[in-house]
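Undergrad: Structure below; questions to follow.
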Amino acid sequence: WIEAELAGLSPEETEQEPDAGPLPVVAVVGRPNVGKSTLVNRIIGRREAVVEDVPGVTRDRVTYEATWRGKRFTLVDTGGWDPDATGMALRIAEQAQIAAELADVILFVVDAGVGVTDSDEAVGAVLRRSGKPVVLAANKVDNQQMELEATGLWSLGLGEPHPVSALHGRASGDLLDIVLDALPETPPQTFGERRGPRRIALLGKPNVGKSSLLNKLAGEERVLVDPMAGTTRDPVDELVELGGTTYRFIDTAGIRRRDRELKGADFYAAMRTRAALERAEVAVVLIDASDVLTEQDLRILGLVIESGRAMVVAFNKWDLVDEDRRYYLEKEIDRQLVRTPWALRVNISAKTGRHVERLAPAIERALQSWGTRVPTARLNQFFTELLQATPPPVRGGRQPKILFATQASTEPPKFVLFTSAFLEETYRRFLERRIREEFGFAGSPIEVTMKIRE
Ligand code: GDP
Ligand code: GDP
């Protein structure tokens with residue numbers, strides 16, 4: 001954990017996610033009262049999910065982390081999603097749709113005693129279309145005599161029904177074996193297992209000090225100049241060692257060349273910036289602290305935002321800023337960077353070398369945020385608590401709910417919220433702020449999108 005602590009993570013966080021990889025998701029779907037929660041309880045081996053005889057009872061937790069035969073996975077109980085019993089058949093089909101979108105494997109539970117109902121048919125149709133692996137559980141097969149009932153479920157067209165009794169635990173281990181066999185193989189991700197050095201785009205308007213900074217950073221530590229494969233002249237990347245780690249600075253030929261002397265320089269500069277960002281993971285944007293923020297600075301910041309890359313903003317020429325102005329400048333900078341309050345900031349002087357050593361840790365932090373994945377179970381626990389404390393504003397007499405949240409991707413981190421109704425812009429911004437407060441993401445953009453289920 002020492003390494004993790006240096007990187008700004010608490011040991012506790014490391015423990016929760018030792019391999020930094022996402023856990024596979026198993027979603028349990030089926031109509032109310034077929035025994036989904038009973039089955040979930042059996043799988044997680046705790047009596048945590050509330051089981052009630054009332055169909056459609058509210059349950060406040062829907063995701064659990066489970067382990068079976070040493071394999072960890074996230075279990076989603078869709079039974080906890082919708083306490084509203086009206087228009088049930090439709091809703092169940094929609095829940096199945098959501099489950100199909102987010103899960104790696106779907107465990108479809110049907111009550112073998114009751115047999116196939118219209119709702120089961122509707123769910124079955126959704127699941128067949130999804131293309132996701134489906135394991136069909138014929139529940140409430142409490143004894144051998146009842147096994148015959150299970151065969152009726154072949155008609156769903158989802159393959160073999162697996163008889164099980166969630167209540168008594170009958171064959172539930174066999175069922176889990178089948179579920180886990182259906183999971184896609186995901187090789188565990190480990191730290192440090194990346195392809196090549198991390199890639200940095202060093203950006204900024206002409207004369208802001210890019211070449212000076214590069215020279216300062218590379219100095220005697222310059223490793224080599226590395227022509228990009230397939231080209232004989234620019235762009236040329238430079239490998240630079242900072243604090244013991246080698247980084248690839250993208251298109252340093254473009255930095256060293258005097259683009260500003262060319263005709264149509266702005267256009268080419270923007271193209272180069274875009275191309276460099278395309279290949280980079282993190283942008284270091286230089287801004288002249290001794291001058292006002294210009295159109296050109298804003299354009300570059302805009303290109304970085306558009307690219308979804310991690311960002312460090314370096315205010316250069318800090319040596320030219322006198323003591324009195326520094327305080328006011330900090331305030332002014334806050335205002336100037338309203339669109340990117342998450343960007344990491346350092347105040348440097350490429351000329352004197354002031355605080356240049358702070359760049360590498362900022363770059364590392366930004367990259368780490370950019371690649372962070374929040375485990376699904378933790379994310380949902382967070383939202384459950386957050387929504388209890390601060391529910392979204394009621395619209396048209398209805399309280400919008402977040403049914404389920406998942407992080408769909410990293411680099412940059414993207415979150416998808418499955419909601420029962422539209423969430424106001426201000427509430428979405430509030431959620432984004434709280435996500436940042438809870439999970440970090442300094443130096444990285446994050447995206448929060450909604451998928452509305454009426
Ligand atoms: P859910 O609405 O699908 O989550 O269903 P629950 O887990 O709440 O179960 C509904 C009812 O079915 C409860 O009374 C359970 O005790 C009962 N039940 C669940 N599994 C079985 C089973 O395998 N056999 C029998 N006989 N009853 C079961
Ligand atoms: P580029 O066009 O972004 O590559 O900028 P250069 O590195 O060529 O720098 C432009 C001018 O600014 C040069 O005269 C540098 O000496 C000067 N310069 C760069 N960084 C600093 C700094 O931190 N402080 C001061 N005072 N001058 C700087």
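Following the order of the structure tokens, first chain is A, next is B, and so on, with residues numbered from 1 inside each chain and ligands from 1 in the order they appear.
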Can you tell me, as a PDB file with N, CA and C atoms, in the first residue's frame, what residues are no more than 12 Å from stretch 272-279 of chain A when counting only C-alpha atoms, ignoring any on the same chain fewer than 3 positions away?

TA:
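And here's part_39.pdb as it stands now:
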ATOM      1  N   ARG A 198       3.989   6.768 -20.548  1.00  0.00           N
ATOM      2  CA  ARG A 198       2.788   7.589 -20.616  1.00  0.00           C
ATOM      3  C   ARG A 198       3.029   8.745 -21.575  1.00  0.00           C
ATOM      4  N   ARG A 199       1.972   9.157 -22.286  1.00  0.00           N
ATOM      5  CA  ARG A 199       2.128  10.116 -23.382  1.00  0.00           C
ATOM      6  C   ARG A 199       1.569  11.497 -23.030  1.00  0.00           C
ATOM      7  N   ILE A 200       2.413  12.492 -23.177  1.00  0.00           N
ATOM      8  CA  ILE A 200       2.065  13.867 -22.788  1.00  0.00           C
ATOM      9  C   ILE A 200       2.048  14.792 -24.002  1.00  0.00           C
ATOM     10  N   ALA A 201       0.997  15.590 -24.124  1.00  0.00           N
ATOM     11  CA  ALA A 201       0.990  16.661 -25.129  1.00  0.00           C
ATOM     12  C   ALA A 201       1.298  17.965 -24.396  1.00  0.00           C
ATOM     13  N   LEU A 202       2.396  18.608 -24.773  1.00  0.00           N
ATOM     14  CA  LEU A 202       2.760  19.888 -24.167  1.00  0.00           C
ATOM     15  C   LEU A 202       2.232  20.990 -25.072  1.00  0.00           C
ATOM     16  N   LEU A 203       1.245  21.746 -24.554  1.00  0.00           N
ATOM     17  CA  LEU A 203       0.529  22.703 -25.394  1.00  0.00           C
ATOM     18  C   LEU A 203       0.619  24.123 -24.845  1.00  0.00           C
ATOM     19  N   GLY A 204       0.366  25.073 -25.724  1.00  0.00           N
ATOM     20  CA  GLY A 204       0.364  26.475 -25.308  1.00  0.00           C
ATOM     21  C   GLY A 204       0.608  27.354 -26.516  1.00  0.00           C
ATOM     22  N   LYS A 205       0.156  28.606 -26.410  1.00  0.00           N
ATOM     23  CA  LYS A 205       0.310  29.535 -27.540  1.00  0.00           C
ATOM     24  C   LYS A 205       1.804  29.810 -27.775  1.00  0.00           C
ATOM     25  N   MET A 228       8.589   9.006 -35.082  1.00  0.00           N
ATOM     26  CA  MET A 228       7.401   8.174 -35.097  1.00  0.00           C
ATOM     27  C   MET A 228       7.506   7.179 -36.246  1.00  0.00           C
ATOM     28  N   ASP A 234       9.073  15.214 -39.178  1.00  0.00           N
ATOM     29  CA  ASP A 234       8.181  15.297 -38.031  1.00  0.00           C
ATOM     30  C   ASP A 234       6.856  14.560 -38.226  1.00  0.00           C
ATOM     31  N   PRO A 235       6.090  14.266 -37.221  1.00  0.00           N
ATOM     32  CA  PRO A 235       6.375  14.668 -35.850  1.00  0.00           C
ATOM     33  C   PRO A 235       7.417  13.760 -35.160  1.00  0.00           C
ATOM     34  N   VAL A 236       8.112  14.344 -34.260  1.00  0.00           N
ATOM     35  CA  VAL A 236       9.106  13.603 -33.494  1.00  0.00           C
ATOM     36  C   VAL A 236       8.754  13.694 -32.015  1.00  0.00           C
ATOM     37  N   ASP A 237       8.706  12.548 -31.402  1.00  0.00           N
ATOM     38  CA  ASP A 237       8.443  12.517 -29.963  1.00  0.00           C
ATOM     39  C   ASP A 237       9.763  12.506 -29.218  1.00  0.00           C
ATOM     40  N   ARG A 248       6.721  10.116 -22.662  1.00  0.00           N
ATOM     41  CA  ARG A 248       6.846  10.440 -24.078  1.00  0.00           C
ATOM     42  C   ARG A 248       6.168  11.781 -24.338  1.00  0.00           C
ATOM     43  N   PHE A 249       6.951  12.776 -24.690  1.00  0.00           N
ATOM     44  CA  PHE A 249       6.372  14.069 -25.078  1.00  0.00           C
ATOM     45  C   PHE A 249       6.063  14.007 -26.561  1.00  0.00           C
ATOM     46  N   ILE A 250       4.791  14.215 -26.885  1.00  0.00           N
ATOM     47  CA  ILE A 250       4.309  14.046 -28.252  1.00  0.00           C
ATOM     48  C   ILE A 250       4.699  15.245 -29.119  1.00  0.00           C
ATOM     49  N   ASP A 251       5.175  14.957 -30.319  1.00  0.00           N
ATOM     50  CA  ASP A 251       5.410  15.974 -31.344  1.00  0.00           C
ATOM     51  C   ASP A 251       6.229  17.164 -30.839  1.00  0.00           C
ATOM     52  N   THR A 252       7.394  16.858 -30.318  1.00  0.00           N
ATOM     53  CA  THR A 252       8.243  17.947 -29.842  1.00  0.00           C
ATOM     54  C   THR A 252       8.853  18.725 -31.009  1.00  0.00           C
ATOM     55  N   ALA A 253       8.870  18.088 -32.187  1.00  0.00           N
ATOM     56  CA  ALA A 253       9.349  18.820 -33.369  1.00  0.00           C
ATOM     57  C   ALA A 253       8.456  20.025 -33.616  1.00  0.00           C
ATOM     58  N   GLY A 254       7.148  19.813 -33.437  1.00  0.00           N
ATOM     59  CA  GLY A 254       6.185  20.884 -33.617  1.00  0.00           C
ATOM     60  C   GLY A 254       6.372  21.978 -32.576  1.00  0.00           C
ATOM     61  N   ILE A 255       6.807  21.575 -31.398  1.00  0.00           N
ATOM     62  CA  ILE A 255       7.030  22.557 -30.342  1.00  0.00           C
ATOM     63  C   ILE A 255       8.259  23.410 -30.656  1.00  0.00           C
ATOM     64  N   ARG A 257       9.597  23.941 -33.547  1.00  0.00           N
ATOM     65  CA  ARG A 257       9.550  24.724 -34.767  1.00  0.00           C
ATOM     66  C   ARG A 257       8.813  26.029 -34.528  1.00  0.00           C
ATOM     67  N   ASP A 259       6.251  27.773 -35.553  1.00  0.00           N
ATOM     68  CA  ASP A 259       5.005  27.788 -36.328  1.00  0.00           C
ATOM     69  C   ASP A 259       4.483  29.199 -36.557  1.00  0.00           C
ATOM     70  N   ALA A 265      -0.741  30.059 -39.667  1.00  0.00           N
ATOM     71  CA  ALA A 265      -0.169  29.348 -38.523  1.00  0.00           C
ATOM     72  C   ALA A 265      -1.232  28.863 -37.537  1.00  0.00           C
ATOM     73  N   ASP A 266      -2.252  29.696 -37.313  1.00  0.00           N
ATOM     74  CA  ASP A 266      -3.290  29.321 -36.356  1.00  0.00           C
ATOM     75  C   ASP A 266      -3.963  28.017 -36.726  1.00  0.00           C
ATOM     76  N   PHE A 267      -4.278  27.934 -38.014  1.00  0.00           N
ATOM     77  CA  PHE A 267      -4.955  26.743 -38.501  1.00  0.00           C
ATOM     78  C   PHE A 267      -4.091  25.497 -38.293  1.00  0.00           C
ATOM     79  N   TYR A 268      -2.823  25.597 -38.681  1.00  0.00           N
ATOM     80  CA  TYR A 268      -1.925  24.445 -38.535  1.00  0.00           C
ATOM     81  C   TYR A 268      -1.664  24.134 -37.075  1.00  0.00           C
ATOM     82  N   ALA A 269      -1.566  25.194 -36.274  1.00  0.00           N
ATOM     83  CA  ALA A 269      -1.343  24.984 -34.840  1.00  0.00           C
ATOM     84  C   ALA A 269      -2.499  24.198 -34.233  1.00  0.00           C
ATOM     85  N   VAL A 282      -2.424  12.708 -21.487  1.00  0.00           N
ATOM     86  CA  VAL A 282      -2.575  13.870 -20.618  1.00  0.00           C
ATOM     87  C   VAL A 282      -2.011  15.092 -21.339  1.00  0.00           C
ATOM     88  N   ALA A 283      -2.667  16.241 -21.147  1.00  0.00           N
ATOM     89  CA  ALA A 283      -2.174  17.481 -21.741  1.00  0.00           C
ATOM     90  C   ALA A 283      -1.591  18.360 -20.639  1.00  0.00           C
ATOM     91  N   VAL A 284      -0.422  18.915 -20.901  1.00  0.00           N
ATOM     92  CA  VAL A 284       0.115  19.957 -20.034  1.00  0.00           C
ATOM     93  C   VAL A 284      -0.054  21.253 -20.813  1.00  0.00           C
ATOM     94  N   VAL A 285      -0.934  22.125 -20.317  1.00  0.00           N
ATOM     95  CA  VAL A 285      -1.206  23.379 -21.016  1.00  0.00           C
ATOM     96  C   VAL A 285      -0.452  24.504 -20.325  1.00  0.00           C
ATOM     97  N   GLN A 296      -6.527  32.663 -27.648  1.00  0.00           N
ATOM     98  CA  GLN A 296      -5.755  31.491 -28.054  1.00  0.00           C
ATOM     99  C   GLN A 296      -5.615  30.477 -26.904  1.00  0.00           C
ATOM    100  N   ARG A 299      -8.852  28.754 -26.612  1.00  0.00           N
ATOM    101  CA  ARG A 299      -9.061  27.792 -27.687  1.00  0.00           C
ATOM    102  C   ARG A 299      -8.336  26.484 -27.381  1.00  0.00           C
ATOM    103  N   ILE A 300      -7.130  26.611 -26.878  1.00  0.00           N
ATOM    104  CA  ILE A 300      -6.352  25.411 -26.549  1.00  0.00           C
ATOM    105  C   ILE A 300      -7.023  24.636 -25.416  1.00  0.00           C
ATOM    106  N   LEU A 301      -7.456  25.360 -24.379  1.00  0.00           N
ATOM    107  CA  LEU A 301      -8.170  24.694 -23.279  1.00  0.00           C
ATOM    108  C   LEU A 301      -9.415  23.986 -23.812  1.00  0.00           C
ATOM    109  N   GLY A 302     -10.095  24.648 -24.746  1.00  0.00           N
ATOM    110  CA  GLY A 302     -11.281  24.057 -25.359  1.00  0.00           C
ATOM    111  C   GLY A 302     -10.971  22.758 -26.085  1.00  0.00           C
ATOM    112  N   LEU A 303      -9.855  22.745 -26.801  1.00  0.00           N
ATOM    113  CA  LEU A 303      -9.458  21.528 -27.524  1.00  0.00           C
ATOM    114  C   LEU A 303      -9.163  20.387 -26.562  1.00  0.00           C
ATOM    115  N   VAL A 304      -8.572  20.722 -25.429  1.00  0.00           N
ATOM    116  CA  VAL A 304      -8.271  19.676 -24.442  1.00  0.00           C
ATOM    117  C   VAL A 304      -9.573  19.123 -23.859  1.00  0.00           C
ATOM    118  N   ILE A 305     -10.498  20.020 -23.515  1.00  0.00           N
ATOM    119  CA  ILE A 305     -11.782  19.576 -22.963  1.00  0.00           C
ATOM    120  C   ILE A 305     -12.475  18.636 -23.958  1.00  0.00           C
ATOM    121  N   GLU A 306     -12.489  19.073 -25.218  1.00  0.00           N
ATOM    122  CA  GLU A 306     -13.104  18.304 -26.290  1.00  0.00           C
ATOM    123  C   GLU A 306     -12.473  16.909 -26.413  1.00  0.00           C
ATOM    124  N   SER A 307     -11.177  16.827 -26.130  1.00  0.00           N
ATOM    125  CA  SER A 307     -10.455  15.560 -26.340  1.00  0.00           C
ATOM    126  C   SER A 307     -10.703  14.552 -25.224  1.00  0.00           C
ATOM    127  N   GLY A 308     -11.182  15.017 -24.070  1.00  0.00           N
ATOM    128  CA  GLY A 308     -11.415  14.100 -22.949  1.00  0.00           C
ATOM    129  C   GLY A 308     -10.135  13.626 -22.277  1.00  0.00           C
ATOM    130  N   ARG A 309      -9.027  14.309 -22.537  1.00  0.00           N
ATOM    131  CA  ARG A 309      -7.770  13.897 -21.914  1.00  0.00           C
ATOM    132  C   ARG A 309      -7.628  14.484 -20.510  1.00  0.00           C
ATOM    133  N   ALA A 310      -6.758  13.882 -19.717  1.00  0.00           N
ATOM    134  CA  ALA A 310      -6.414  14.438 -18.408  1.00  0.00           C
ATOM    135  C   ALA A 310      -5.671  15.753 -18.638  1.00  0.00           C
ATOM    136  N   MET A 311      -5.674  16.635 -17.647  1.00  0.00           N
ATOM    137  CA  MET A 311      -5.058  17.942 -17.891  1.00  0.00           C
ATOM    138  C   MET A 311      -4.356  18.513 -16.662  1.00  0.00           C
TER     139      MET A 311
END

Undergrad: Enumerate as a PDB file with C-alpha atoms, in the first residue's frame the residues within 7 Å of ligand 2, counting only C-alpha atoms and all ligand atoms.

TA:
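To be explicit, this is the file written out as result.pdb:
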ATOM      1  CA  GLY A 204       0.364  26.475 -25.308  1.00  0.00           C
ATOM      2  CA  LYS A 205       0.310  29.535 -27.540  1.00  0.00           C
ATOM      3  CA  PRO A 206       3.535  30.684 -29.218  1.00  0.00           C
ATOM      4  CA  ASN A 207       6.076  32.243 -26.861  1.00  0.00           C
ATOM      5  CA  VAL A 208       4.504  30.863 -23.721  1.00  0.00           C
ATOM      6  CA  GLY A 209       7.664  28.877 -22.989  1.00  0.00           C
ATOM      7  CA  LYS A 210       7.100  25.364 -24.350  1.00  0.00           C
ATOM      8  CA  SER A 211      10.603  24.952 -25.798  1.00  0.00           C
ATOM      9  CA  SER A 212      12.156  26.460 -22.704  1.00  0.00           C
ATOM     10  CA  LEU A 213      10.250  24.038 -20.476  1.00  0.00           C
ATOM     11  CA  ILE A 255       7.030  22.557 -30.342  1.00  0.00           C
ATOM     12  CA  ARG A 256      10.530  23.454 -31.353  1.00  0.00           C
ATOM     13  CA  ARG A 258       8.545  28.335 -35.075  1.00  0.00           C
ATOM     14  CA  ASN A 316       4.612  29.763 -16.608  1.00  0.00           C
ATOM     15  CA  LYS A 317       6.793  32.834 -16.224  1.00  0.00           C
ATOM     16  CA  TRP A 318       5.818  32.979 -12.578  1.00  0.00           C
ATOM     17  CA  ASP A 319       9.162  34.733 -11.996  1.00  0.00           C
ATOM     18  CA  LEU A 320       7.733  37.785 -13.769  1.00  0.00           C
ATOM     19  CA  ILE A 348       6.297  27.382 -12.606  1.00  0.00           C
ATOM     20  CA  SER A 349       9.125  29.209 -14.275  1.00  0.00           C
ATOM     21  CA  ALA A 350      10.714  27.409 -17.195  1.00  0.00           C
ATOM     22  CA  LYS A 351      13.468  29.996 -17.076  1.00  0.00           C
ATOM     23  CA  THR A 352      14.548  29.738 -13.439  1.00  0.00           C
TER      24      THR A 352
END

Undergrad: Identify, on the basis of only C-alpha atoms, every residue whose closest approach to A:Met146 does not exceed 9 Å; exclude the query and any residue fewer than 5 positions from it along the same chain; express the result as a list in words.

TA: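 The filter keeps Ala112, Gly113, Lys140, Val141 and Pro163 of chain A.
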
Undergrad: For stretch 447-452 of chain A, find every residue with an atom within 12 Å (counting only C-alpha atoms), except residues of its own chain fewer than 6 positions away, and show them as a PDB file with C-alpha atoms, in the first residue's frame.

TA:
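Result went into result_32.pdb, see below:
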ATOM      1  CA  GLU A  94     -37.625  -2.644 -19.131  1.00  0.00           C
ATOM      2  CA  GLN A  95     -35.709  -3.785 -16.116  1.00  0.00           C
ATOM      3  CA  GLN A  97     -33.473  -4.366 -20.815  1.00  0.00           C
ATOM      4  CA  ILE A  98     -31.384  -2.361 -18.344  1.00  0.00           C
ATOM      5  CA  GLU A 101     -27.188  -3.491 -20.995  1.00  0.00           C
ATOM      6  CA  LEU A 102     -25.130  -3.529 -17.863  1.00  0.00           C
ATOM      7  CA  ILE A 305     -11.782  19.576 -22.963  1.00  0.00           C
ATOM      8  CA  GLU A 306     -13.104  18.304 -26.290  1.00  0.00           C
ATOM      9  CA  GLY A 308     -11.415  14.100 -22.949  1.00  0.00           C
ATOM     10  CA  ARG A 309      -7.770  13.897 -21.914  1.00  0.00           C
ATOM     11  CA  TRP A 370      -8.117   9.401 -15.653  1.00  0.00           C
ATOM     12  CA  PRO A 400     -37.114  10.660  -9.850  1.00  0.00           C
ATOM     13  CA  LYS A 401     -35.091   7.665  -8.777  1.00  0.00           C
ATOM     14  CA  ILE A 402     -31.686   6.360  -9.748  1.00  0.00           C
ATOM     15  CA  LEU A 403     -32.272   2.683 -10.367  1.00  0.00           C
ATOM     16  CA  PHE A 404     -28.708   1.760 -10.991  1.00  0.00           C
ATOM     17  CA  ALA A 405     -25.387   3.398 -11.693  1.00  0.00           C
ATOM     18  CA  THR A 406     -22.345   2.014 -13.379  1.00  0.00           C
ATOM     19  CA  GLN A 407     -19.026   3.305 -14.627  1.00  0.00           C
ATOM     20  CA  ALA A 408     -19.099   2.475 -18.292  1.00  0.00           C
ATOM     21  CA  SER A 409     -15.499   3.365 -19.071  1.00  0.00           C
ATOM     22  CA  THR A 410     -12.225   4.875 -17.931  1.00  0.00           C
ATOM     23  CA  GLU A 411      -9.820   7.209 -19.754  1.00  0.00           C
ATOM     24  CA  PRO A 412     -11.845   9.326 -19.288  1.00  0.00           C
ATOM     25  CA  PRO A 413     -14.167   8.009 -16.600  1.00  0.00           C
ATOM     26  CA  LYS A 414     -17.776   7.868 -17.799  1.00  0.00           C
ATOM     27  CA  PHE A 415     -20.713   7.149 -15.563  1.00  0.00           C
ATOM     28  CA  VAL A 416     -24.147   6.048 -16.668  1.00  0.00           C
ATOM     29  CA  LEU A 417     -27.148   6.536 -14.417  1.00  0.00           C
ATOM     30  CA  PHE A 418     -30.287   4.584 -15.147  1.00  0.00           C
ATOM     31  CA  THR A 419     -33.047   6.826 -13.830  1.00  0.00           C
ATOM     32  CA  SER A 420     -36.823   6.640 -13.582  1.00  0.00           C
ATOM     33  CA  ALA A 421     -37.206  10.242 -14.783  1.00  0.00           C
ATOM     34  CA  PHE A 422     -35.272  13.187 -16.116  1.00  0.00           C
ATOM     35  CA  LEU A 423     -32.828  14.718 -13.646  1.00  0.00           C
ATOM     36  CA  GLU A 424     -32.406  18.494 -13.753  1.00  0.00           C
ATOM     37  CA  GLU A 425     -29.143  19.925 -14.991  1.00  0.00           C
ATOM     38  CA  TYR A 427     -28.966  18.123  -9.876  1.00  0.00           C
ATOM     39  CA  ARG A 428     -26.708  16.381 -12.388  1.00  0.00           C
ATOM     40  CA  ARG A 429     -23.991  18.920 -11.705  1.00  0.00           C
ATOM     41  CA  PHE A 430     -24.499  18.334  -8.005  1.00  0.00           C
ATOM     42  CA  LEU A 431     -24.064  14.580  -8.571  1.00  0.00           C
ATOM     43  CA  GLU A 432     -20.904  15.176 -10.572  1.00  0.00           C
ATOM     44  CA  ARG A 433     -19.495  17.328  -7.781  1.00  0.00           C
ATOM     45  CA  ARG A 434     -20.298  14.701  -5.180  1.00  0.00           C
ATOM     46  CA  ILE A 435     -18.739  11.952  -7.309  1.00  0.00           C
ATOM     47  CA  ARG A 436     -15.564  14.023  -7.456  1.00  0.00           C
ATOM     48  CA  PHE A 441     -10.667  12.435 -10.140  1.00  0.00           C
TER      49      PHE A 441
END

Undergrad: Name the residues of stretch 112-315 of chain A that come out as strand (DSSP E or B) in a backbone DSSP run; write them as a ChimeraX atom specification.

TA: /A:134-139,161-163,165,170,198-203,222-227,236-242,245-249,282-288,310-315

Undergrad: From the DSSP assignment of the backbone, select every residue of stretch 88-232 of chain A that is helix (DSSP H, G or I), and format the answer as a PyMOL selection string.

TA: chain A and resi 88-102+118-130+144-156+172-182+210-221

Undergrad: Pick the closest to ligand 1 from A:Ile92, A:Ile287, A:Val26, A:Leu242: which is it, counting only C-alpha atoms and all ligand atoms?

TA: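 So, comparing all the options, the nearest one is A:Ile92.
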
Undergrad: Counting only C-alpha atoms, figure out which residue out of A:Ala122, A:Asn215, A:Thr426, A:Arg378 gets nearest to A:Pro392.

TA: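 Once distances to A:Pro392 are computed over only C-alpha atoms, the minimum belongs to A:Thr426.
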
Undergrad: Please determine, counting only C-alpha atoms and all ligand atoms, which residue among A:Gly70, A:Gly219, A:Gly173, A:Gly30 has the shortest atom-to-atom distance to ligand 1.

TA: A:Gly30
